[in-house]
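Trainee: Structure below; questions to follow.
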Amino acid sequence: MAPRLLVHTRTTGYRHDSIPDAVAAVREFTDVDVDATEDPAALEQPLDGYAAVVFLSTSGEILTPAGRARLAAYVEAGGGFAGVHAAACTEYDWPYYGELLGARFDRHPEYQPGRALVEDHDHPATRHLPAAWDFADEWYDFRDNPRGRVRVLLRADETSYDGGGTGDDHPLAWCREQGAGRVFYTALGHAREAYRDSGFLAHLHGGVAWAARLVQ
């Protein structure tokens, strides 16, 4: 049997038009089966059968107290977690989630072309990328810089776009460990076009596969 992913896309805040495209793209990953849901009750059930839980542009408060407890226990015991784009705009009222993800969304300039710089090529999410990767996105700023708490994989080059608010050290994608579990986050993935971009899809697939322990 192929490993399974639980892809959660519930929103109680801003909802991205790209969510259906994102789910469809993840379903195309050849080495996993995908259960996609917006039902918070899905996170209240045992998660042990999943290689990873993916929050795909979720927003707002989306989990019940039982779901929070279940997700935390799953990750602490060795489960994988991946957050994509607006996953950083999620569960502001749950302190553990901010620790789990590594940082919380603050603001972003308008959607526009820019450049991401690879800091760490020795990771499945980045090993295929050029050192400087031209892409279009919203270039999220975060409330706190996660460096020191996470392994930074990509950072934004704020000289390549208008309106950046972080400065020279602007982490954009990273991974970390939480308990016995693995966590991956990428701030990219705003637009529908991202989920037809081969470079971004390889970035996303590599990060999710790492969190799920499908690759080293």
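Note on naming: chains are A, B, ... as they come in the structure tokens, residues start from 1 per chain, ligands start from 1 in the order shown.
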May I have the residues within 6 Å of Trp133 of chain A as a ChimeraX atom specification, using only C-alpha atoms and disregarding those fewer than 2 positions away in the same chain?
Mentor: /A:115-116,130
Trainee: Using only C-alpha atoms, I'd like a table of the residues in segment 103-124 of chain A that come within 9 Å of segment 160-163 of chain A; for each, show the closest atom pair and its distance in Å rounded to one decimal, ordered by chain and ascending number, as CSV.
Mentor:
```
residue,atom,partner,partner_atom,distance
A:His108,CA,A:Gly163,CA,7.8
A:Pro109,CA,A:Gly163,CA,5.2
A:Glu110,CA,A:Gly163,CA,7.8
A:Gln112,CA,A:Tyr161,CA,7.1
A:Pro113,CA,A:Tyr161,CA,6.6
A:Gly114,CA,A:Ser160,CA,4.9
A:Arg115,CA,A:Ser160,CA,5.7
A:Ala116,CA,A:Ser160,CA,8.8
```
Trainee: Generate a file of the selected residues that holds N, CA, C and O atoms, formatted as a PDB file, in the first residue's frame.
Mentor:
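Saved as again.pdb:
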```pdb
ATOM      1  N   HIS A 108       2.086  40.873   3.772  1.00  0.00           N
ATOM      2  CA  HIS A 108       2.774  40.621   2.515  1.00  0.00           C
ATOM      3  C   HIS A 108       2.551  41.801   1.579  1.00  0.00           C
ATOM      4  O   HIS A 108       1.519  42.481   1.637  1.00  0.00           O
ATOM      5  N   PRO A 109       3.520  42.066   0.692  1.00  0.00           N
ATOM      6  CA  PRO A 109       3.283  43.039  -0.368  1.00  0.00           C
ATOM      7  C   PRO A 109       2.390  42.414  -1.442  1.00  0.00           C
ATOM      8  O   PRO A 109       1.963  41.269  -1.316  1.00  0.00           O
ATOM      9  N   GLU A 110       2.112  43.158  -2.500  1.00  0.00           N
ATOM     10  CA  GLU A 110       1.262  42.625  -3.554  1.00  0.00           C
ATOM     11  C   GLU A 110       1.964  41.469  -4.264  1.00  0.00           C
ATOM     12  O   GLU A 110       3.196  41.360  -4.273  1.00  0.00           O
ATOM     13  N   GLN A 112       3.734  39.482  -6.919  1.00  0.00           N
ATOM     14  CA  GLN A 112       4.640  40.002  -7.939  1.00  0.00           C
ATOM     15  C   GLN A 112       5.824  39.052  -8.126  1.00  0.00           C
ATOM     16  O   GLN A 112       6.102  38.201  -7.280  1.00  0.00           O
ATOM     17  N   PRO A 113       6.523  39.189  -9.257  1.00  0.00           N
ATOM     18  CA  PRO A 113       7.739  38.401  -9.443  1.00  0.00           C
ATOM     19  C   PRO A 113       8.812  38.808  -8.437  1.00  0.00           C
ATOM     20  O   PRO A 113       8.887  39.972  -8.007  1.00  0.00           O
ATOM     21  N   GLY A 114       9.634  37.845  -8.072  1.00  0.00           N
ATOM     22  CA  GLY A 114      10.747  38.094  -7.174  1.00  0.00           C
ATOM     23  C   GLY A 114      11.745  36.956  -7.290  1.00  0.00           C
ATOM     24  O   GLY A 114      11.706  36.167  -8.236  1.00  0.00           O
ATOM     25  N   ARG A 115      12.621  36.875  -6.306  1.00  0.00           N
ATOM     26  CA  ARG A 115      13.677  35.864  -6.360  1.00  0.00           C
ATOM     27  C   ARG A 115      13.864  35.244  -4.976  1.00  0.00           C
ATOM     28  O   ARG A 115      13.945  35.949  -3.971  1.00  0.00           O
ATOM     29  N   ALA A 116      13.915  33.911  -4.966  1.00  0.00           N
ATOM     30  CA  ALA A 116      14.238  33.168  -3.755  1.00  0.00           C
ATOM     31  C   ALA A 116      15.663  32.642  -3.875  1.00  0.00           C
ATOM     32  O   ALA A 116      16.087  32.214  -4.957  1.00  0.00           O
TER      33      ALA A 116
END
```
Trainee: Kindly give the distance, in Å, that separates atom CA of Asp137 of chain A and atom CA of Tyr111 of chain A, rounded to a single decimal.
Mentor: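 Atom CA of Tyr111 of chain A lies at a distance of 5.2 Å from atom CA of Asp137 of chain A.
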Trainee: For Thr126 of chain A, list every protein, DNA or RNA residue within 8 Å, evaluated using only C-alpha atoms, and leave out those in the same chain fewer than 4 positions away; present the list as a VMD selection string.
Mentor: chain A and resid 118 120 to 122 153 to 154 203 206
Trainee: Could you list, with a cut-off of 10 Å and counting only C-alpha atoms, the residues of segment 162-198 of chain A near segment 37-56 of chain A, each shown with its nearest atom pair and the distance in Å rounded to one decimal, rows sorted by chain and ascending number, as a Markdown table?
Mentor:
```
| residue | atom | partner | partner_atom | distance |
| --- | --- | --- | --- | --- |
| A:Gly181 | CA | A:Ala52 | CA | 9.5 |
| A:Arg182 | CA | A:Ala52 | CA | 8.9 |
| A:Val183 | CA | A:Ala52 | CA | 9.2 |
| A:Phe184 | CA | A:Val54 | CA | 9.4 |
| A:Tyr185 | CA | A:Phe55 | CA | 9.5 |
| A:Gly189 | CA | A:Leu56 | CA | 9.1 |
```
Trainee: Write a file of the selected residues as a tab-separated table (two decimals), in the first residue's frame, keeping C-alpha atoms.
Mentor:
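Result file out-v2.tsv:
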```tsv
chain	number	residue	atom	x	y	z
A	181	GLY	CA	8.22	14.39	14.28
A	182	ARG	CA	9.34	16.29	11.21
A	183	VAL	CA	7.92	19.65	10.09
A	184	PHE	CA	8.27	21.40	6.72
A	185	TYR	CA	6.90	24.82	5.77
A	189	GLY	CA	2.07	28.69	-3.24
```
Trainee: List the spatial neighbours of Arg196 of chain A as a VMD selection string - criterion: any atom at most 12 Å away, only C-alpha atoms, same-chain residues fewer than 5 positions off excluded.
Mentor: chain A and resid 18 21 to 26 28 189 191 201 to 202 204
Trainee: Export, as a compact mmCIF listing (two decimals), in the first residue's frame, the selected residues with N, CA, C and O atoms.
Mentor:
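Output file selection-v5.txt follows:
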```
# COMPACT_ATOMS: atom_id res chain seq x y z
N SER A 18 -6.65 29.14 -5.21
CA SER A 18 -5.75 28.10 -5.71
C SER A 18 -5.91 26.78 -4.97
O SER A 18 -5.26 25.78 -5.35
N ASP A 21 -6.62 23.67 -7.13
CA ASP A 21 -5.44 23.35 -7.93
C ASP A 21 -4.36 22.71 -7.08
O ASP A 21 -3.67 21.77 -7.53
N ALA A 22 -4.20 23.21 -5.85
CA ALA A 22 -3.18 22.67 -4.95
C ALA A 22 -3.49 21.23 -4.58
O ALA A 22 -2.60 20.36 -4.59
N VAL A 23 -4.75 20.96 -4.25
CA VAL A 23 -5.14 19.58 -3.89
C VAL A 23 -4.93 18.66 -5.09
O VAL A 23 -4.40 17.55 -4.95
N ALA A 24 -5.33 19.11 -6.26
CA ALA A 24 -5.16 18.30 -7.46
C ALA A 24 -3.68 18.01 -7.71
O ALA A 24 -3.32 16.89 -8.11
N ALA A 25 -2.83 19.00 -7.47
CA ALA A 25 -1.40 18.80 -7.69
C ALA A 25 -0.84 17.78 -6.71
O ALA A 25 -0.04 16.91 -7.10
N VAL A 26 -1.23 17.85 -5.45
CA VAL A 26 -0.74 16.88 -4.47
C VAL A 26 -1.23 15.47 -4.81
O VAL A 26 -0.52 14.49 -4.62
N GLU A 28 -1.40 14.27 -7.59
CA GLU A 28 -0.57 13.77 -8.68
C GLU A 28 0.78 13.23 -8.21
O GLU A 28 1.52 12.64 -9.00
N GLY A 189 3.26 29.45 -2.85
CA GLY A 189 2.07 28.69 -3.24
C GLY A 189 0.79 29.48 -3.26
O GLY A 189 -0.29 28.91 -3.12
N ALA A 191 -0.67 31.37 -5.86
CA ALA A 191 -1.46 31.43 -7.08
C ALA A 191 -1.71 30.06 -7.68
O ALA A 191 -0.94 29.12 -7.47
N LEU A 201 6.44 22.56 -7.84
CA LEU A 201 5.90 21.25 -7.50
C LEU A 201 6.98 20.32 -6.96
O LEU A 201 6.73 19.56 -6.01
N ALA A 202 8.18 20.38 -7.51
CA ALA A 202 9.27 19.58 -6.97
C ALA A 202 9.66 20.05 -5.56
O ALA A 202 9.97 19.24 -4.68
N LEU A 204 7.58 21.49 -3.38
CA LEU A 204 6.51 21.06 -2.49
C LEU A 204 6.60 19.55 -2.24
O LEU A 204 6.50 19.10 -1.08
```
Trainee: Excluding Leu101 of chain A and residues on its chain fewer than 4 positions from it, collect all residues at most 12 Å away from it, counting only C-alpha atoms, and give them as JSON, numbers by chain.
Mentor: {"A": [54, 55, 72, 75, 80, 81, 82, 83, 84, 85, 86, 87, 88, 89, 90, 91, 92, 94, 95, 96, 97, 105, 142, 144, 146, 149, 150, 151, 173, 174, 175, 176, 177, 178, 181, 182, 183, 184, 185, 186, 187]}
Trainee: Would you kindly return, as a list in words, each protein, DNA or RNA residue with an atom no farther than 12 Å from any atom of Thr30 of chain A, considering only C-alpha atoms and excluding same-chain residues fewer than 6 positions away?
Mentor: Ala2, Pro3, Arg4, Ala202, His205, Ala209 and Leu214 of chain A
Trainee: With C-alpha atoms retained, could you export that selection as a PDB file, in the first residue's frame?
Mentor:
```
ATOM      1  CA  ALA A   2       1.163   3.522  -0.774  1.00  0.00           C
ATOM      2  CA  PRO A   3       1.755   5.904   2.139  1.00  0.00           C
ATOM      3  CA  ARG A   4      -1.181   8.216   2.863  1.00  0.00           C
ATOM      4  CA  ALA A 202       9.269  19.583  -6.967  1.00  0.00           C
ATOM      5  CA  HIS A 205       6.814  17.346  -3.156  1.00  0.00           C
ATOM      6  CA  ALA A 209       8.109  13.706   1.302  1.00  0.00           C
ATOM      7  CA  LEU A 214       9.539   9.031   2.389  1.00  0.00           C
TER       8      LEU A 214
END
```
Trainee: Hey, can you check how far atom CA of Ala131 of chain A sits from atom CA of Leu100 of chain A?
Mentor: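 Between atom CA of Ala131 of chain A and atom CA of Leu100 of chain A the gap works out to 27.5 Å.
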Trainee: How far is it from atom CA of His128 of chain A to atom CA of Ser59 of chain A, in Å with one decimal?
Mentor: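 Computing the Euclidean distance for atom CA of His128 of chain A and atom CA of Ser59 of chain A yields 29.3 Å.
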Trainee: Which of these, A:Gly78, A:Ala194, A:Asp93, A:Val34, has the shortest distance to Thr64 of chain A once you count only C-alpha atoms?
Mentor: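 For Thr64 of chain A, the nearest of the candidates is A:Asp93.
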Trainee: If you run DSSP on the backbone here, which positions in chain A get strand (DSSP E or B)? Please write them as a PyMOL selection string.
Mentor: chain A and resi 4-8+11+33-37+52-56+59-60+80-84+90+105-107+112-118+132-137+141-142+147+150-157+171-178+181-186
Trainee: DSSP on the backbone: what in segment 28-195 of chain A comes out helix (DSSP H, G or I), as a VMD selection string?
Mentor: chain A and resid 40 to 44 65 to 76 85 to 89 95 to 101 158 to 160 192 to 195
